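One file, model-v8.txt, is given below (compact mmCIF, C-alpha atoms).
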```
# COMPACT_ATOMS: atom_id res chain seq x y z
CA MET C 165 -125.61 144.08 341.09
CA ALA C 166 -124.74 146.99 338.80
CA SER C 167 -127.69 148.66 337.10
CA GLY C 168 -126.13 150.79 334.36
CA PRO C 169 -126.60 150.25 330.62
CA LEU C 170 -125.23 147.04 329.15
CA SER C 171 -123.02 147.05 326.06
CA ILE C 172 -121.72 144.20 323.92
CA ARG C 173 -118.60 144.65 321.84
CA PRO C 174 -116.17 142.42 319.93
CA VAL C 175 -112.77 141.60 321.37
CA SER C 176 -110.28 143.65 319.38
CA SER C 177 -107.12 144.12 321.46
CA LYS C 178 -104.74 142.39 323.83
CA ARG C 179 -106.45 144.17 326.71
CA ASP C 180 -109.81 142.85 325.55
CA THR C 181 -108.37 139.35 325.31
CA LYS C 182 -107.12 139.56 328.89
CA GLN C 183 -110.58 140.68 330.05
CA PHE C 184 -112.14 137.83 328.06
CA ILE C 185 -109.96 135.35 329.94
CA GLU C 186 -110.20 136.92 333.39
CA ILE C 187 -113.99 137.22 333.61
CA ALA C 188 -114.31 133.45 334.08
CA TYR C 189 -112.13 133.58 337.20
CA ARG C 190 -114.21 136.34 338.79
CA LEU C 191 -117.61 134.85 338.03
CA ASN C 192 -116.68 131.32 339.14
CA SER C 193 -114.53 132.18 342.16
CA GLY C 194 -117.33 131.37 344.61
CA ASP C 195 -117.95 127.87 343.23
CA PRO C 196 -115.95 125.34 345.27
CA ALA C 197 -116.28 122.75 342.51
CA TRP C 198 -114.85 124.94 339.75
CA VAL C 199 -111.28 124.16 338.65
CA PRO C 200 -109.51 127.32 337.41
CA PRO C 201 -107.69 126.45 334.18
CA LEU C 202 -104.19 127.73 333.58
CA ARG C 203 -104.49 131.15 332.02
CA ALA C 204 -101.78 130.30 329.49
CA GLU C 205 -103.81 127.30 328.33
CA VAL C 206 -106.95 129.41 327.88
CA ALA C 207 -104.95 131.97 325.92
CA ALA C 208 -103.58 129.22 323.67
CA THR C 209 -107.05 127.77 323.08
CA ILE C 210 -108.47 131.05 321.78
CA SER C 211 -105.39 131.94 319.72
CA PRO C 212 -105.48 131.07 315.99
CA LYS C 213 -101.69 130.83 316.12
CA LYS C 214 -101.65 128.19 318.86
CA ASN C 215 -104.79 126.10 318.30
CA GLY C 216 -104.75 123.81 315.26
CA TRP C 217 -108.55 123.83 315.18
CA PHE C 218 -108.35 127.25 313.52
CA SER C 219 -106.89 125.60 310.42
CA HIS C 220 -110.52 124.83 309.52
CA ALA C 221 -112.44 127.34 311.64
CA GLU C 222 -112.95 131.00 312.47
CA ALA C 223 -114.22 132.74 315.60
CA GLN C 224 -115.25 136.11 316.97
CA TYR C 225 -115.19 136.84 320.69
CA PHE C 226 -117.51 139.27 322.47
CA LEU C 227 -117.48 141.01 325.85
CA ALA C 228 -120.44 142.27 327.86
CA GLU C 229 -119.75 145.43 329.87
CA ARG C 230 -121.69 147.46 332.40
CA ASP C 231 -120.50 150.47 334.40
CA GLY C 232 -116.98 149.95 333.09
CA GLN C 233 -116.81 146.33 334.29
CA THR C 234 -116.78 143.14 332.23
CA VAL C 235 -119.86 141.10 333.10
CA GLY C 236 -119.78 138.35 330.48
CA ARG C 237 -118.21 136.81 327.42
CA ILE C 238 -119.05 134.54 324.49
CA SER C 239 -117.50 133.18 321.32
CA ALA C 240 -119.27 132.81 317.99
CA HIS C 241 -117.56 130.41 315.63
CA ILE C 242 -117.82 128.38 312.48
CA ASP C 243 -116.14 125.04 311.86
CA PHE C 244 -115.88 124.62 308.10
CA LEU C 245 -115.52 120.84 308.42
CA ALA C 246 -118.75 120.73 310.43
CA LEU C 247 -120.50 122.43 307.51
CA GLU C 248 -119.52 119.44 305.34
CA MET C 249 -121.01 116.82 307.65
CA PRO C 250 -124.35 115.10 306.94
CA PRO C 251 -127.23 117.03 308.59
CA GLU C 252 -128.56 113.82 310.11
CA GLN C 253 -125.39 113.70 312.22
CA GLY C 254 -126.24 116.99 313.87
CA PHE C 255 -124.28 119.58 311.93
CA GLY C 256 -124.09 120.17 308.17
CA PRO C 257 -124.64 123.25 305.98
CA GLY C 258 -125.67 126.39 307.85
CA THR C 259 -124.55 125.19 311.31
CA GLY C 260 -122.76 127.71 313.50
CA PHE C 261 -121.69 127.54 317.13
CA TRP C 262 -121.21 129.64 320.22
CA GLY C 263 -119.33 128.85 323.40
CA LEU C 264 -116.83 130.00 326.05
CA PHE C 265 -119.95 131.42 327.67
CA GLU C 266 -119.91 133.24 330.99
CA ALA C 267 -122.44 135.80 332.26
CA GLU C 268 -123.08 137.65 335.50
CA ASP C 269 -126.85 137.86 335.03
CA GLN C 270 -129.61 136.87 332.64
CA ASN C 271 -129.67 140.21 330.80
CA ALA C 272 -125.99 139.89 329.99
CA ALA C 273 -126.51 136.27 328.94
CA LYS C 274 -129.33 137.16 326.55
CA ALA C 275 -127.39 140.04 325.00
CA LEU C 276 -124.28 137.92 324.52
CA ILE C 277 -126.21 135.08 322.89
CA ASN C 278 -127.96 137.60 320.63
CA ALA C 279 -124.59 139.02 319.58
CA ALA C 280 -123.28 135.55 318.75
CA GLU C 281 -126.42 134.75 316.77
CA ASP C 282 -126.17 138.02 314.82
CA TRP C 283 -122.56 137.29 313.90
CA LEU C 284 -123.49 133.77 312.74
CA ARG C 285 -126.40 135.11 310.67
CA GLY C 286 -124.02 137.57 309.06
CA LYS C 287 -121.89 134.60 308.00
CA GLY C 288 -124.90 132.88 306.43
CA MET C 289 -125.58 130.40 309.22
CA THR C 290 -129.14 129.18 309.73
CA LYS C 291 -128.75 127.21 312.97
CA ALA C 292 -126.83 127.81 316.18
CA LEU C 293 -125.55 125.13 318.56
CA GLY C 294 -124.05 125.82 321.94
CA PRO C 295 -122.28 125.88 324.15
CA VAL C 296 -119.39 124.26 322.29
CA SER C 297 -116.02 125.59 323.41
CA LEU C 298 -114.47 125.77 320.82
CA SER C 299 -114.11 122.47 318.98
CA ILE C 300 -116.62 119.69 319.46
CA TRP C 301 -113.59 117.68 320.66
CA GLU C 302 -112.79 120.15 323.45
CA GLU C 303 -115.61 121.12 325.85
CA PRO C 304 -119.02 120.41 324.30
CA GLY C 305 -122.25 121.08 326.12
CA LEU C 306 -123.55 122.76 329.26
CA LEU C 307 -123.31 120.97 332.59
CA VAL C 308 -126.88 120.24 333.77
CA LYS C 309 -126.17 117.50 336.33
CA GLY C 310 -123.16 117.05 338.62
CA HIS C 311 -122.62 120.59 339.89
CA ASP C 312 -121.74 119.30 343.36
CA HIS C 313 -118.32 117.90 342.41
CA SER C 314 -115.32 119.08 340.43
CA PRO C 315 -114.83 118.13 336.79
CA THR C 316 -111.97 115.89 335.76
CA VAL C 317 -109.25 116.85 333.30
CA LEU C 318 -110.50 118.49 330.05
CA MET C 319 -114.13 118.69 331.20
CA GLY C 320 -116.27 121.81 331.58
CA HIS C 321 -118.08 123.06 334.65
CA HIS C 322 -120.84 125.69 334.62
CA PRO C 323 -123.20 127.39 337.08
CA ALA C 324 -126.60 125.71 337.30
CA LYS C 325 -128.36 129.01 336.51
CA TYR C 326 -127.02 129.00 332.96
CA GLN C 327 -129.47 126.26 331.95
CA ALA C 328 -132.54 128.45 332.49
CA TRP C 329 -130.88 131.42 330.80
CA ILE C 330 -130.00 129.44 327.67
CA GLU C 331 -133.39 127.74 327.47
CA GLY C 332 -135.00 131.14 328.06
CA ALA C 333 -133.21 132.39 324.95
CA GLY C 334 -135.17 129.88 322.87
CA TYR C 335 -132.78 126.94 322.81
CA LYS C 336 -133.87 123.30 322.84
CA GLU C 337 -131.86 120.18 323.60
CA ALA C 338 -130.05 118.79 320.57
CA LYS C 339 -128.02 116.09 322.31
CA LYS C 340 -127.23 114.93 325.83
CA LEU C 341 -123.75 113.74 326.77
CA LEU C 342 -123.15 111.49 329.76
CA THR C 343 -120.21 110.83 332.04
CA TYR C 344 -120.05 107.57 333.99
CA GLU C 345 -118.12 106.99 337.20
CA LEU C 346 -117.10 103.74 338.85
CA ASP C 347 -115.04 102.37 341.72
CA VAL C 348 -111.92 100.99 340.05
CA THR C 349 -110.65 99.32 343.22
CA GLN C 350 -113.35 96.69 342.82
CA GLN C 351 -113.10 93.83 340.34
CA PHE C 352 -115.64 93.82 337.56
CA PRO C 353 -118.62 91.42 337.66
CA PRO C 354 -117.86 87.74 336.94
CA ILE C 355 -119.30 87.85 333.42
CA VAL C 356 -116.88 90.63 332.47
CA GLN C 357 -113.97 88.73 334.00
CA ARG C 358 -114.91 85.67 331.93
CA ILE C 359 -115.04 87.74 328.75
CA VAL C 360 -111.58 89.17 329.49
CA ALA C 361 -110.17 85.73 330.27
CA ALA C 362 -111.55 84.33 327.01
CA GLY C 363 -109.94 87.15 325.07
CA GLU C 364 -106.59 86.44 326.69
CA LYS C 365 -106.77 82.88 325.35
CA ASN C 366 -107.44 84.07 321.79
CA ASP C 367 -104.13 84.15 319.91
CA ARG C 368 -105.61 86.50 317.33
CA ILE C 369 -106.05 89.24 319.95
CA LYS C 370 -103.25 91.36 321.35
CA VAL C 371 -103.85 94.27 323.71
CA ARG C 372 -100.72 96.32 324.20
CA GLN C 373 -99.60 99.49 325.93
CA VAL C 374 -98.58 102.47 323.83
CA ASP C 375 -94.91 103.33 323.55
CA LYS C 376 -94.42 106.99 324.46
CA SER C 377 -90.98 106.96 322.85
CA LYS C 378 -92.84 106.51 319.56
CA PHE C 379 -95.41 109.18 320.36
CA ALA C 380 -96.02 110.39 316.79
CA GLU C 381 -96.45 106.87 315.40
CA GLU C 382 -98.80 105.80 318.18
CA ALA C 383 -100.84 109.00 317.82
CA GLU C 384 -101.21 108.30 314.10
CA ILE C 385 -102.57 104.81 314.81
CA ILE C 386 -105.06 106.13 317.35
CA LEU C 387 -106.16 108.96 315.04
CA ALA C 388 -106.83 106.52 312.19
CA ILE C 389 -108.97 104.29 314.42
CA LEU C 390 -110.76 107.29 315.93
CA ASN C 391 -111.73 108.88 312.63
CA ASP C 392 -113.06 105.53 311.40
CA ALA C 393 -114.80 104.51 314.62
CA TRP C 394 -116.55 107.81 315.25
CA SER C 395 -117.37 108.76 311.65
CA ASP C 396 -121.09 107.90 311.90
CA ASN C 397 -121.60 109.44 315.36
CA TRP C 398 -123.76 112.47 316.03
CA GLY C 399 -121.58 115.56 316.16
CA TYR C 400 -118.59 113.96 314.46
CA VAL C 401 -116.07 116.25 312.81
CA PRO C 402 -112.77 114.75 311.61
CA LEU C 403 -109.76 115.45 313.78
CA THR C 404 -107.07 117.02 311.61
CA GLN C 405 -103.31 116.74 311.87
CA PRO C 406 -102.81 120.36 313.05
CA GLU C 407 -105.24 119.69 315.91
CA VAL C 408 -103.55 116.42 316.80
CA ASP C 409 -100.16 118.12 316.79
CA ASP C 410 -101.31 120.85 319.17
CA VAL C 411 -103.25 118.52 321.45
CA GLY C 412 -100.26 116.19 321.47
CA LYS C 413 -97.99 118.94 322.76
CA LYS C 414 -100.47 119.74 325.51
CA LEU C 415 -101.27 116.20 326.57
CA LYS C 416 -97.93 114.46 326.08
CA PRO C 417 -96.93 115.09 329.73
CA LEU C 418 -100.11 113.23 330.76
CA VAL C 419 -99.40 110.23 328.55
CA PHE C 420 -98.32 107.15 330.47
CA ASN C 421 -97.73 103.89 328.63
CA ASP C 422 -99.82 101.68 330.92
CA LEU C 423 -102.87 103.98 330.79
CA ILE C 424 -103.34 103.94 327.01
CA MET C 425 -104.05 100.70 325.19
CA ILE C 426 -104.19 99.66 321.56
CA ALA C 427 -105.93 96.40 320.67
CA GLU C 428 -104.80 94.44 317.63
CA TYR C 429 -106.68 91.67 315.82
CA ASP C 430 -104.63 89.48 313.50
CA GLY C 431 -101.88 92.07 313.82
CA GLU C 432 -104.05 95.02 312.77
CA PRO C 433 -104.79 97.86 315.22
CA VAL C 434 -108.58 97.88 315.59
CA ALA C 435 -109.34 99.56 318.92
CA PHE C 436 -107.87 101.94 321.46
CA MET C 437 -108.56 103.43 324.87
CA VAL C 438 -107.02 106.64 326.21
CA THR C 439 -106.94 107.24 329.95
CA LEU C 440 -105.55 110.31 331.68
CA PRO C 441 -104.77 110.76 335.38
CA ASP C 442 -106.87 113.63 336.66
CA PHE C 443 -104.62 116.63 336.18
CA ASN C 444 -107.33 118.80 337.75
CA GLU C 445 -106.48 117.41 341.18
CA PRO C 446 -103.06 119.15 341.42
CA LEU C 447 -104.25 122.02 339.21
CA LYS C 448 -107.19 123.18 341.31
CA PRO C 449 -105.20 124.71 344.21
CA LEU C 450 -103.08 126.82 341.81
CA LYS C 451 -106.02 129.10 340.90
CA GLY C 452 -104.99 129.31 337.25
CA SER C 453 -101.39 130.45 337.73
CA LEU C 454 -98.05 128.64 337.61
CA PHE C 455 -96.37 131.31 339.71
CA PRO C 456 -94.67 131.57 342.06
CA PHE C 457 -94.38 127.84 342.84
CA GLY C 458 -97.17 126.21 340.85
CA TRP C 459 -94.86 125.08 338.05
CA ALA C 460 -92.66 123.18 340.50
CA LYS C 461 -95.64 121.45 342.11
CA LEU C 462 -97.02 120.35 338.74
CA LEU C 463 -93.61 119.17 337.55
CA LEU C 464 -93.19 117.01 340.63
CA TRP C 465 -96.69 115.58 340.18
CA LEU C 466 -96.08 114.78 336.50
CA ARG C 467 -92.91 112.87 337.31
CA LYS C 468 -94.84 110.40 339.44
CA PRO C 469 -98.53 111.22 339.42
CA LYS C 470 -100.89 110.04 342.09
CA ALA C 471 -104.52 110.69 341.26
CA ARG C 472 -107.76 109.54 342.82
CA THR C 473 -109.56 109.74 339.49
CA MET C 474 -108.70 108.42 336.03
CA ARG C 475 -110.65 109.77 333.08
CA VAL C 476 -111.30 107.95 329.81
CA PRO C 477 -111.95 110.76 327.29
CA LEU C 478 -111.64 108.64 324.15
CA MET C 479 -112.03 105.06 323.08
CA GLY C 480 -113.10 103.47 319.85
CA VAL C 481 -113.36 100.30 317.78
CA VAL C 482 -113.11 100.29 313.99
CA LYS C 483 -116.46 100.48 312.28
CA ARG C 484 -116.37 96.99 310.76
CA LEU C 485 -116.23 95.41 314.22
CA GLN C 486 -118.80 97.62 315.90
CA SER C 487 -121.96 95.86 317.16
CA SER C 488 -120.00 92.61 317.33
CA ARG C 489 -119.04 90.54 320.36
CA MET C 490 -115.42 91.23 319.49
CA ALA C 491 -115.92 94.97 320.00
CA SER C 492 -117.23 94.45 323.53
CA GLN C 493 -114.52 91.95 324.34
CA LEU C 494 -111.73 94.31 323.25
CA ALA C 495 -113.32 97.15 325.23
CA PHE C 496 -113.57 95.05 328.40
CA MET C 497 -109.97 93.87 328.04
CA MET C 498 -108.61 97.41 327.65
CA ILE C 499 -110.72 98.72 330.52
CA GLU C 500 -109.58 95.89 332.81
CA TYR C 501 -105.88 96.29 332.03
CA ILE C 502 -106.04 100.03 332.60
CA ARG C 503 -108.07 99.54 335.79
CA ARG C 504 -105.30 97.33 337.19
CA ALA C 505 -102.58 99.83 336.27
CA ALA C 506 -104.54 102.79 337.65
CA VAL C 507 -104.88 101.17 341.07
CA ALA C 508 -101.42 99.62 341.30
CA ASN C 509 -99.30 102.40 339.80
CA TYR C 510 -101.17 105.66 340.37
CA GLY C 511 -103.25 105.18 343.49
CA GLY C 512 -106.46 105.44 341.51
CA SER C 513 -109.75 104.63 343.19
CA ARG C 514 -112.28 106.21 340.85
CA GLY C 515 -112.79 106.15 337.10
CA GLU C 516 -114.76 108.40 334.76
CA ILE C 517 -115.78 107.49 331.23
CA GLY C 518 -117.07 110.28 329.07
CA TRP C 519 -118.41 111.92 327.27
CA VAL C 520 -120.85 109.27 325.97
CA LEU C 521 -123.79 110.14 323.73
CA ASP C 522 -126.99 109.26 325.57
CA ASP C 523 -128.16 107.15 322.63
CA ASN C 524 -124.86 105.27 322.17
CA GLN C 525 -126.27 101.87 323.04
CA GLY C 526 -122.95 100.04 322.81
CA MET C 527 -121.06 102.29 325.20
CA ASN C 528 -123.99 102.61 327.57
CA ALA C 529 -124.22 98.81 327.71
CA ILE C 530 -120.50 98.54 328.50
CA ALA C 531 -120.86 101.17 331.22
CA ASP C 532 -123.75 99.22 332.75
CA ALA C 533 -121.82 95.94 332.61
CA ILE C 534 -118.94 97.33 334.68
CA ASP C 535 -121.29 98.68 337.35
CA SER C 536 -120.77 102.36 336.61
CA HIS C 537 -123.39 105.07 336.95
CA VAL C 538 -124.03 108.50 335.43
CA ASN C 539 -122.53 111.28 337.55
CA ARG C 540 -122.54 114.22 335.12
CA GLU C 541 -124.76 115.25 332.21
CA TYR C 542 -124.08 117.87 329.57
CA VAL C 543 -126.51 119.26 327.00
CA ILE C 544 -125.74 120.77 323.61
CA TYR C 545 -128.56 123.14 322.69
CA GLN C 546 -129.74 124.28 319.27
CA LYS C 547 -131.88 127.03 317.82
CA PRO C 548 -132.85 128.01 314.26
CA LEU C 549 -131.56 131.41 313.25
```
Output the file's structure as structure tokens, nothing else.
Amino acid sequence: MASGPLSIRPVSSKRDTKQFIEIAYRLNSGDPAWVPPLRAEVAATISPKKNGWFSHAEAQYFLAERDGQTVGRISAHIDFLALEMPPEQGFGPGTGFWGLFEAEDQNAAKALINAAEDWLRGKGMTKALGPVSLSIWEEPGLLVKGHDHSPTVLMGHHPAKYQAWIEGAGYKEAKKLLTYELDVTQQFPPIVQRIVAAGEKNDRIKVRQVDKSKFAEEAEIILAILNDAWSDNWGYVPLTQPEVDDVGKKLKPLVFNDLIMIAEYDGEPVAFMVTLPDFNEPLKPLKGSLFPFGWAKLLLWLRKPKARTMRVPLMGVVKRLQSSRMASQLAFMMIEYIRRAAVANYGGSRGEIGWVLDDNQGMNAIADAIDSHVNREYVIYQKPL
């Protein structure tokens, strides 16, 4: 390990931005579970011109350098919508964030976190949460359990040593996020099957596939349900139209009609479930680059994807039905229909549901009922500034 003086400086050029992106590939290259993201996607995420999140946020990126080599990176950022949220939901006035964290050693980690904290203080923030990279809807939290297997699509993966470094910098757990896995080749327990069958006999309930040819309209329906269903959750920040537009462009190739369901009650959309085939499976061997032949391999996979794992990143039921039997019934129906499609049409054998807040009793109860178990845990840390 290099022993020269360490320096922290803000990213201020295209060359700096390239170093900011590349350091993750060097530091994680020895981890067989890490899935290198496409460099173009990382560049788009950190670009205010290409990420709709920046319509209500600002960020500063920092590099750690020693002996002329980049040894770490971090972002410090403020989400102005998060500042407007009720403090009892985790954010609120004075809340800043840091994320996109990578460090070669503990000294670099400490210096990077200090730099992020100083920038947040300079902006008037009184509390720091991290890692959150960048939006709370993107990659929240540090992986603290599940390092032995690769993450699924749109999930983070971090070295186990980061936990001690972050906690050593004075951070305490603010919230734990869980991911559940299950064998989707097996039918659900009899009680769940009975609940699904009863729902199918109820003429007031309709569970339908999305229509990708009406992508914008379907996305609008899901966004409306999502912003209502999640509005009281810890860490909630409204999803805005610029974000939805950008995420839609990125995820549209992964949208398949039979893997996304909308539930209607008396003709009104009241619940949804989004499932994505695990894009990380074909992505991992490409090592972050589409060239020379990666683009062709991904294009072929997208035309007729076969994936072992299906991930459920989002689901929700409108607030007025939450804590009711109807909410559970709609959830079980959507999960069952997607389970069938995943096995029959995509070769799926494994499902992941997450993230789920560790104190979300409703979702945790559903996860227990379908015989799933926690396979990954993430922690969002906080510290007063």
Pick out the residues sitting within 12 Å of C:Glu248, and hand them over as a list in words; count all atoms listed in the file, and ignore anything fewer than 2 positions along from it in its own chain.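 That gives His220, Ile242, Asp243, Phe244, Leu245, Ala246, Pro250, Pro251, Glu252, Gln253, Gly254, Phe255, Gly256, Pro257, Gly258, Thr259, Gly399, Tyr400, Val401 and Pro402 of chain C.
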Residue contacts of stretch 428-442 of chain C (7 Å, only C-alpha atoms) excluding same-chain residues fewer than 2 positions away, as a list in words: Thr316, Val317, Arg368, Ile369, Lys370, Val371, Ile386, Ile389, Leu418, Val419, Leu423, Ile424, Met425, Ile426, Asn444, Glu445, Ala471, Thr473, Met474, Arg475, Val476, Pro477, Leu478, Met479, Gly480, Val481, Val482 and Met498 of chain C
Export, as a CSV table (one decimal), keeping the file's coordinate frame, the selected residues with C-alpha atoms.
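The file below, again_14.csv, is the result:
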```csv
chain,number,residue,atom,x,y,z
C,316,THR,CA,-112.0,115.9,335.8
C,317,VAL,CA,-109.2,116.8,333.3
C,368,ARG,CA,-105.6,86.5,317.3
C,369,ILE,CA,-106.0,89.2,320.0
C,370,LYS,CA,-103.2,91.4,321.4
C,371,VAL,CA,-103.8,94.3,323.7
C,386,ILE,CA,-105.1,106.1,317.4
C,389,ILE,CA,-109.0,104.3,314.4
C,418,LEU,CA,-100.1,113.2,330.8
C,419,VAL,CA,-99.4,110.2,328.6
C,423,LEU,CA,-102.9,104.0,330.8
C,424,ILE,CA,-103.3,103.9,327.0
C,425,MET,CA,-104.0,100.7,325.2
C,426,ILE,CA,-104.2,99.7,321.6
C,444,ASN,CA,-107.3,118.8,337.8
C,445,GLU,CA,-106.5,117.4,341.2
C,471,ALA,CA,-104.5,110.7,341.3
C,473,THR,CA,-109.6,109.7,339.5
C,474,MET,CA,-108.7,108.4,336.0
C,475,ARG,CA,-110.6,109.8,333.1
C,476,VAL,CA,-111.3,108.0,329.8
C,477,PRO,CA,-112.0,110.8,327.3
C,478,LEU,CA,-111.6,108.6,324.2
C,479,MET,CA,-112.0,105.1,323.1
C,480,GLY,CA,-113.1,103.5,319.8
C,481,VAL,CA,-113.4,100.3,317.8
C,482,VAL,CA,-113.1,100.3,314.0
C,498,MET,CA,-108.6,97.4,327.6
```
One decimal, Å: what's the distance from atom CA of C:Ala324 over to atom CA of C:Val308, could you say? 6.5 Å
So what do you get for atom CA of C:Ala207 versus atom CA of C:Ser193, distance-wise? 18.9 Å
List the spatial neighbours of C:Lys325 as a PyMOL selection string - criterion: any atom at most 10 Å away, all atoms listed in the file, same-chain residues fewer than 2 positions off excluded. chain C and resi 267+269-270+308+322-323+327-330
Kindly give the distance, in Å, that separates atom CA of C:Gly305 and atom CA of C:Gly452, rounded to a single decimal.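 Separation between atom CA of C:Gly305 and atom CA of C:Gly452: 22.1 Å.
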Can you write out as CSV which residues of stretch 226-301 of chain C fall within 12 Å of stretch 533-547 of chain C, alongside each residue's closest atom pair and its distance in Å to one decimal, counting only C-alpha atoms and ordering rows by chain and ascending residue number?
```
residue,atom,partner,partner_atom,distance
C:Gly254,CA,C:Gln546,CA,9.7
C:Phe255,CA,C:Gln546,CA,10.3
C:Gly258,CA,C:Lys547,CA,11.8
C:Thr259,CA,C:Gln546,CA,9.5
C:Gly260,CA,C:Gln546,CA,9.7
C:Phe261,CA,C:Gln546,CA,8.9
C:Trp262,CA,C:Tyr545,CA,10.1
C:Gly263,CA,C:Ile544,CA,10.3
C:Ile277,CA,C:Lys547,CA,11.1
C:Asn278,CA,C:Lys547,CA,11.6
C:Glu281,CA,C:Lys547,CA,9.5
C:Leu284,CA,C:Lys547,CA,11.9
C:Met289,CA,C:Lys547,CA,11.2
C:Thr290,CA,C:Lys547,CA,8.8
C:Lys291,CA,C:Lys547,CA,5.8
C:Ala292,CA,C:Lys547,CA,5.4
C:Leu293,CA,C:Gln546,CA,4.3
C:Gly294,CA,C:Tyr545,CA,5.3
C:Pro295,CA,C:Ile544,CA,6.2
C:Val296,CA,C:Ile544,CA,7.4
C:Ser297,CA,C:Ile544,CA,10.9
C:Ile300,CA,C:Ile544,CA,10.1
```
Which polymer residues have any atom within 7 Å of an atom of stretch 230-233 of chain C, counting all atoms listed in the file, with same-chain residues fewer than 3 positions away left out, as a list in words?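 The contact residues come out as Gly168, Pro169, Leu170 and Ser171 of chain C.
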Hey, which of C:Tyr225, C:Phe496, C:Tyr344, C:Phe184 ends up closest to C:Ala361? Count all atoms listed in the file.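 Of all the options, C:Phe496 lies closest to C:Ala361.
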Residue nearest C:Ile355 among C:Ile187, C:Ile530, C:Trp398, C:Lys178 (counting all atoms listed in the file): C:Ile530
Name all residues at most 8 Å from C:Pro174 (count all atoms listed in the file; drop same-chain ones fewer than 3 positions away) and give them as a CSV table (one decimal) with C-alpha atoms, keeping the file's coordinate frame.
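Listing of selection-v5.csv after writing:
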```csv
chain,number,residue,atom,x,y,z
C,224,GLN,CA,-115.2,136.1,317.0
C,225,TYR,CA,-115.2,136.8,320.7
C,226,PHE,CA,-117.5,139.3,322.5
C,227,LEU,CA,-117.5,141.0,325.8
```
Restricting the calculation to all atoms listed in the file, which member of C:Ala491, C:Glu186, C:Asp282, C:Leu466 is positioned closest to C:Met527?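 The closest residue to C:Met527 is C:Ala491.
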Hey, which of C:Trp465, C:Trp217, C:Phe379, C:Tyr510 ends up closest to C:Leu298? Count all atoms listed in the file.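 With all atoms listed in the file as the atom set, the closest residue is C:Trp217.
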